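Here's the structure we're looking at; comments come further down.
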Amino acid sequence: MSAVAEGVSIIEGALPADVRRRAWCVLALALAPRLALAAWIIADRGGIDALVDTQDGQSNLQIAASFPWVYRGTDQLMHFPGYPFAIWLASALVPPGWAAVAISIVTSSLAVACTYLIGYRLGLGEAAWRGAVLFCVLPVRWLDVSLVAMSEGLTIAALCSYVYAVVCARPGWAALAFAVATLCRFGSVFVVPFGLVFLLHRDGRRFAHACVAAASGAGAVLALCTYFHFAFGNFFLYFETHGRLWGGSHLDWPGRAWIAGLSDPTLAGIRKVYVGALLVFYFGVAGLALKDARRSAALRVLGAWFALAFVPLAILNGASINWGFIAFPRWVLPATPPTMLMLGYVVPQRWFKPVAIAAVLVAVAYVVWAARTPHSYYELDPGPGSD
């Protein structure tokens with residue numbers, strides 16, 4: 001069987017027809033608001049630049065333009081090359097700005113569909129459907145960041161593909177997916193111990209597959225550092241460059257950055273409210289779902305994924321900028337797929353429709369508000385403290 005045929009069989013062949021239909025339905029539900037909002041913003045703001053000239057957008061395009069000799073002629077060494085490489089490939093078909101936005105929209109939608117399939121494989125049933133539908137638009141930062149030239153969509157899609165491949169006992173695809181995730185965002189390596197949950201369940205086969213995938217991620221980072229050594233004479237160039245960004249970052253006591261951010265008088269009140277609400281949301285959903293973890297293997301797997309993704313967030317702080325608080329809405333996204341599946345478990349069927357309608361209204365209202373604010377697009381407050 002060819003690699004492409006095997007990939008199709010993983011996604012579709014072994015799944016019941018109704019599950020396949022639901023997966024395609026989730027994909028359509030995720031694509032629809034993204035395409036509609038992106039089209040409105042492009043028309044309202046006069047072009048694709050409204051979705052590219054924000055946050056890391058131009059940095060990603062500069063790195064993409066440096067291929068095949070990646071990073072040559074650019075100072076954007078604090079970003080990993082996975083997403084820019086995808087932009088470079090897609091630029092053969094469409095202009096780079098359009099390619100960047102299209103990749104973000106499509107891959108974030110695929111991440112939602114893959115989340116549903118993970119939930120189905122774990123045996124969550126209707127909870128997987130409810131969680132995936134809500135994941136189409138929640139949290140609102142997930143929806144808005146998936147409209148712009150940022151790497152989150154591709155990173156989360158690759159991480160979800162890795163988890164799905166491990167659950168399906170496909171080590172080759174798990175290794176490829178995890179290598180892609182790691183080359184998009186270095187923070188993906190914190191999900192490496194995910195395989196331990198299968199060791200605890202005495203599932204040595206899936207544990208071994210997760211270890212193979214972890215090795216692929218380490219190999220990808222090693223290969224990139226080796227390239228830095230031969231191209232720029234510094235094996236640790238990425239880490240040194242990133243360490244100087246806004247004074248650098250450091251590890252701190254768990255949760256200290258969140259407490260410092262909430263009590264910082266220089267930060268905008270709306271940011272504090274938003275990050276505080278996110279903390280309550282994530283930990284509240286996890287707490288409500290994981291109280292049943294003793295009798296549910298699926299919840300234990302999701303709890304492990306959630307916990308591992310939260311490790312760097314809980315202990316990260318910064319020198320001149322409190323990264324652990326400022327960047328929390330974006331950096332928490334690797335913990336969002338398991339959180340949304342747990343939310344699907346927590347939300348009763350009778351509440352699902354009103355919750356879904358409210359989620360769509362809130363998410364769309366937030367994106368419209370962000371697009372119409374006078375300061376830089378998608379910043380909760382102006383200035384260098386944007387996430």
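Going through the structure tokens in order, the chains are called A, B, and so on, while each chain numbers its residues from 1 and the ligands are numbered from 1 in the order shown.
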Exercise for review: Apply DSSP to the structure's backbone, then extract all residues of segment 148-378 of chain A labelled helix (DSSP H, G or I) and return them as a ChimeraX atom specification.
Suggested key: /A:152-167,171-184,186-200,204-232,237-247,256-262,269-290,293-295,297-315,323-326,328-331,333-346,349-372
**Study point:** Test item: residues at most 12 Å from Val360 of chain A, only C-alpha atoms, excluding those fewer than 5 positions along its chain, as a PyMOL selection string
**Key:** chain A and resi 29-30+32-34+133-140+143+353-355+365-367
**Study point:** Leu313 of chain A surroundings by only C-alpha atoms, 9 Å radius, close-in-sequence under 4 positions cut, as a PyMOL selection string
**Key:** chain A and resi 254-255+257+309+317+323-325+328+331-332
For the selection just defined, write its residues with C-alpha atoms to a file, as a compact mmCIF listing (two decimals), in the first residue's frame.
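Full text of out-v2.txt as output:
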```txt
# COMPACT_ATOMS: atom_id res chain seq x y z
CA PRO A 254 3.98 27.39 38.82
CA GLY A 255 1.30 30.03 38.29
CA ALA A 257 3.30 34.63 36.01
CA ALA A 309 0.49 21.05 27.35
CA ASN A 317 7.79 33.95 32.90
CA TRP A 323 5.29 35.98 28.54
CA GLY A 324 3.48 33.46 30.69
CA PHE A 325 0.56 35.89 31.03
CA PHE A 328 -1.27 32.83 27.35
CA TRP A 331 0.30 29.50 23.91
CA VAL A 332 -2.52 27.60 25.61
```
Sorted by chain and rising residue number, which residues of segment 259-349 of chain A lie within 8 Å of segment 147-165 of chain A, and what are their closest atom pairs and distances in Å to one decimal, counting only C-alpha atoms, as a Markdown table?
```
| residue | atom | partner | partner_atom | distance |
| --- | --- | --- | --- | --- |
| A:Arg330 | CA | A:Glu152 | CA | 7.9 |
| A:Leu333 | CA | A:Ile156 | CA | 7.4 |
| A:Pro334 | CA | A:Ile156 | CA | 6.1 |
| A:Pro337 | CA | A:Cys160 | CA | 7.7 |
```
If you take only C-alpha atoms and a cut-off of 12 Å, which residues of segment 284-319 of chain A touch segment 167-174 of chain A, and what are their nearest atom pairs and distances in Å to one decimal, in chain and number order, as CSV?
```
residue,atom,partner,partner_atom,distance
A:Ala298,CA,A:Val167,CA,10.7
A:Val301,CA,A:Val167,CA,9.8
A:Leu302,CA,A:Val167,CA,11.6
```
Check your understanding: Which of these, A:Ala223, A:Ala177, A:Val364, A:Ala289, has the shortest distance to Ala36 of chain A once you count only C-alpha atoms?
Key ->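 Answer, going by the shortest atom-to-atom distance: A:Val364.
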Point to revise | Ser109 of chain A surroundings by only C-alpha atoms, 6 Å radius, close-in-sequence under 3 positions cut, as number ranges by chain | key: A: 27, 30-31, 106, 112
Go ahead and dump the residues you just picked, C-alpha atoms, as a compact mmCIF listing (two decimals), in the first residue's frame.
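In the end it all went to again-v7.txt:
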```
# COMPACT_ATOMS: atom_id res chain seq x y z
CA LEU A 27 -14.61 20.23 8.77
CA ALA A 30 -14.95 24.90 10.95
CA LEU A 31 -14.24 26.23 7.46
CA VAL A 106 -7.39 25.06 6.20
CA VAL A 112 -10.95 20.52 14.51
```
Practice item. Choose the residue, out of A:Leu262, A:Met78, A:Cys114, A:Met342, that has the smallest atom-to-atom separation from Tyr238 of chain A; count only C-alpha atoms. Key: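 Smallest separation from Tyr238 of chain A among the options: A:Met78.
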Test item: residues at most 6 Å from segment 209-217 of chain A, only C-alpha atoms, excluding those fewer than 2 positions along its chain, as a PDB file with N, CA and C atoms, in the first residue's frame:
```pdb
ATOM      1  N   PRO A 171       2.835   4.219  13.824  1.00  0.00           N
ATOM      2  CA  PRO A 171       4.041   4.921  14.265  1.00  0.00           C
ATOM      3  C   PRO A 171       4.669   5.816  13.210  1.00  0.00           C
ATOM      4  N   ALA A 174       2.668   8.968  13.034  1.00  0.00           N
ATOM      5  CA  ALA A 174       2.861   9.696  14.291  1.00  0.00           C
ATOM      6  C   ALA A 174       4.201  10.431  14.290  1.00  0.00           C
ATOM      7  N   ALA A 175       5.242   9.760  13.807  1.00  0.00           N
ATOM      8  CA  ALA A 175       6.567  10.374  13.760  1.00  0.00           C
ATOM      9  C   ALA A 175       6.596  11.560  12.807  1.00  0.00           C
ATOM     10  N   PHE A 178       4.578  14.505  14.368  1.00  0.00           N
ATOM     11  CA  PHE A 178       5.238  15.158  15.491  1.00  0.00           C
ATOM     12  C   PHE A 178       6.454  15.957  15.030  1.00  0.00           C
ATOM     13  N   ALA A 179       7.160  15.469  14.017  1.00  0.00           N
ATOM     14  CA  ALA A 179       8.280  16.233  13.465  1.00  0.00           C
ATOM     15  C   ALA A 179       7.795  17.549  12.877  1.00  0.00           C
ATOM     16  N   THR A 182       6.869  19.934  15.734  1.00  0.00           N
ATOM     17  CA  THR A 182       8.059  20.460  16.405  1.00  0.00           C
ATOM     18  C   THR A 182       8.750  21.520  15.558  1.00  0.00           C
ATOM     19  N   VAL A 192       5.922  15.500  24.434  1.00  0.00           N
ATOM     20  CA  VAL A 192       6.684  14.254  24.263  1.00  0.00           C
ATOM     21  C   VAL A 192       6.262  13.164  25.253  1.00  0.00           C
ATOM     22  N   GLY A 195       3.186   9.649  25.571  1.00  0.00           N
ATOM     23  CA  GLY A 195       3.178   8.188  25.475  1.00  0.00           C
ATOM     24  C   GLY A 195       3.157   7.481  26.819  1.00  0.00           C
ATOM     25  N   ARG A 206       1.505   1.096  21.839  1.00  0.00           N
ATOM     26  CA  ARG A 206       1.303   2.528  21.605  1.00  0.00           C
ATOM     27  C   ARG A 206       2.344   3.368  22.329  1.00  0.00           C
ATOM     28  N   PHE A 207       2.817   2.899  23.470  1.00  0.00           N
ATOM     29  CA  PHE A 207       3.904   3.607  24.147  1.00  0.00           C
ATOM     30  C   PHE A 207       5.143   3.650  23.266  1.00  0.00           C
ATOM     31  N   GLY A 219      14.861  14.632  16.594  1.00  0.00           N
ATOM     32  CA  GLY A 219      15.711  14.613  15.404  1.00  0.00           C
ATOM     33  C   GLY A 219      15.508  15.838  14.537  1.00  0.00           C
ATOM     34  N   ALA A 220      14.253  16.316  14.445  1.00  0.00           N
ATOM     35  CA  ALA A 220      13.973  17.513  13.651  1.00  0.00           C
ATOM     36  C   ALA A 220      14.661  18.736  14.249  1.00  0.00           C
TER      37      ALA A 220
END
```
